[in-house]
Amino acid sequence: MIWVVWIVLAAVVAFGAWVRLAPSDPARWHVMPAAVVDRDFEGGVMRVARTGPEGLARLDEVARGWPRTRVLAGSVEEGMVTYVTRSAVWGFPDYTTARQAGDRLEIHARLRFGRGDMGVNRKRVEAWLADL
């Protein structure tokens with residue numbers, strides 16, 4: 001019986017390490033859909049905001065100040081930035097890509113693991129937009 005406990009414990013530790021240490025490939029995550037429209041979907045959200053041409057720069061300041069968030073790829077100068085925000089306990093990564101398109105700020109946030117995010121991406125994106 002003790003072996004079962006050790007096996008389960010080892011599996012939990014291995015899963016936690018895999019979630020935290022799995023590499024994030026910019027070629028896969030630093031992309032935007034061809035058409036971005038306001039919509040929610042299982043595990044993510046898309047938003048479009050009329051912010052003027054400085055929207056991405058302002059959003060970048062907000063995102064960089066957000067807990068457990070770092071830049072994966074891109075820059076304000078390139079016109080598109082992808083951020084990785086990790087959950088507090090397990091460290092699950094969520095990816096948020098923001099692109100400046102004229103006076104439109106397009107945002108696409110999605111999870112990496114699982115199917116649903118319990119509205120976490122929507123809440124974060126709406127908080128970032130409210131801080132603008």
# chains A, B, ... in the order shown; residues from 1 in each chain; ligands from 1
call {"tool": "select_by_dssp", "arguments": {"residues": "range 26-63 of chain A", "states": "helix (DSSP H, G or I)", "output": "count of residues only"}}
result
13
call {"tool": "residues_around", "arguments": {"residues": "range 29-45 of chain A", "least_positions_apart": "3", "cutoff": "7 Å", "atoms": "only C-alpha atoms", "output": "list in words"}}
result
Asp25, Pro26, Val48, Ala73, Thr82, Tyr95, Thr97, Glu106, His108, Ala109, Arg110, Leu111, Arg115, Gly116, Asp117, Asn121 and Arg122 of chain A
call {"tool": "write_last_selection", "arguments": {"atoms": "C-alpha atoms", "output": "CSV table (one decimal), in the first residue's frame"}}
result
chain,number,residue,atom,x,y,z
A,25,ASP,CA,7.7,27.8,-28.1
A,26,PRO,CA,7.3,31.4,-29.4
A,48,VAL,CA,-10.8,44.5,-29.5
A,73,ALA,CA,8.1,37.2,-27.5
A,82,THR,CA,3.0,37.8,-26.2
A,95,TYR,CA,-0.7,33.1,-23.1
A,97,THR,CA,-1.0,38.1,-27.3
A,106,GLU,CA,-6.4,43.3,-30.5
A,108,HIS,CA,-6.1,37.0,-27.7
A,109,ALA,CA,-5.7,35.2,-24.4
A,110,ARG,CA,-5.8,31.4,-24.1
A,111,LEU,CA,-4.8,28.5,-21.9
A,115,ARG,CA,-10.1,22.8,-21.7
A,116,GLY,CA,-11.5,25.4,-19.4
A,117,ASP,CA,-10.0,28.3,-17.4
A,121,ASN,CA,-8.2,34.8,-19.0
A,122,ARG,CA,-11.4,37.0,-19.5
call {"tool": "residues_around", "arguments": {"residues": "range 52-60 of chain A", "least_positions_apart": "3", "cutoff": "6 Å", "atoms": "only C-alpha atoms", "output": "number ranges by chain"}}
result
A: 63, 76, 100, 102-103
call {"tool": "closest_residue", "arguments": {"among": "A:Ile2, A:Leu72, A:Ala101, A:Ala127", "to": "Arg28 in chain A", "atoms": "only C-alpha atoms"}}
result
A:Leu72
call {"tool": "select_by_dssp", "arguments": {"residues": "range 61-128 of chain A", "states": "strand (DSSP E or B)", "output": "ChimeraX atom specification"}}
result
/A:69-75,80-86,93-101,104-111
call {"tool": "closest_residue", "arguments": {"among": "A:Met46, A:Val12, A:Val62, A:Val5", "to": "Arg99 in chain A", "atoms": "only C-alpha atoms"}}
result
A:Met46
call {"tool": "atom_distance", "arguments": {"atom1": "CA of Val81 in chain A", "atom2": "CA of Met118 in chain A"}}
result
24.1 Å
call {"tool": "atom_distance", "arguments": {"atom1": "CA of Leu105 in chain A", "atom2": "CA of Thr69 in chain A"}}
result
19.1 Å
call {"tool": "atom_distance", "arguments": {"atom1": "CA of Gly119 in chain A", "atom2": "CA of Pro23 in chain A"}}
result
24.1 Å
call {"tool": "residues_around", "arguments": {"residues": "range 15-20 of chain A", "least_positions_apart": "4", "cutoff": "10 Å", "atoms": "only C-alpha atoms", "output": "list in words"}}
result
Leu9, Ala10, Ala11, Arg86, Ser87, Val89, Trp90, Gly91, Phe92, Pro93, Arg112 and Phe113 of chain A
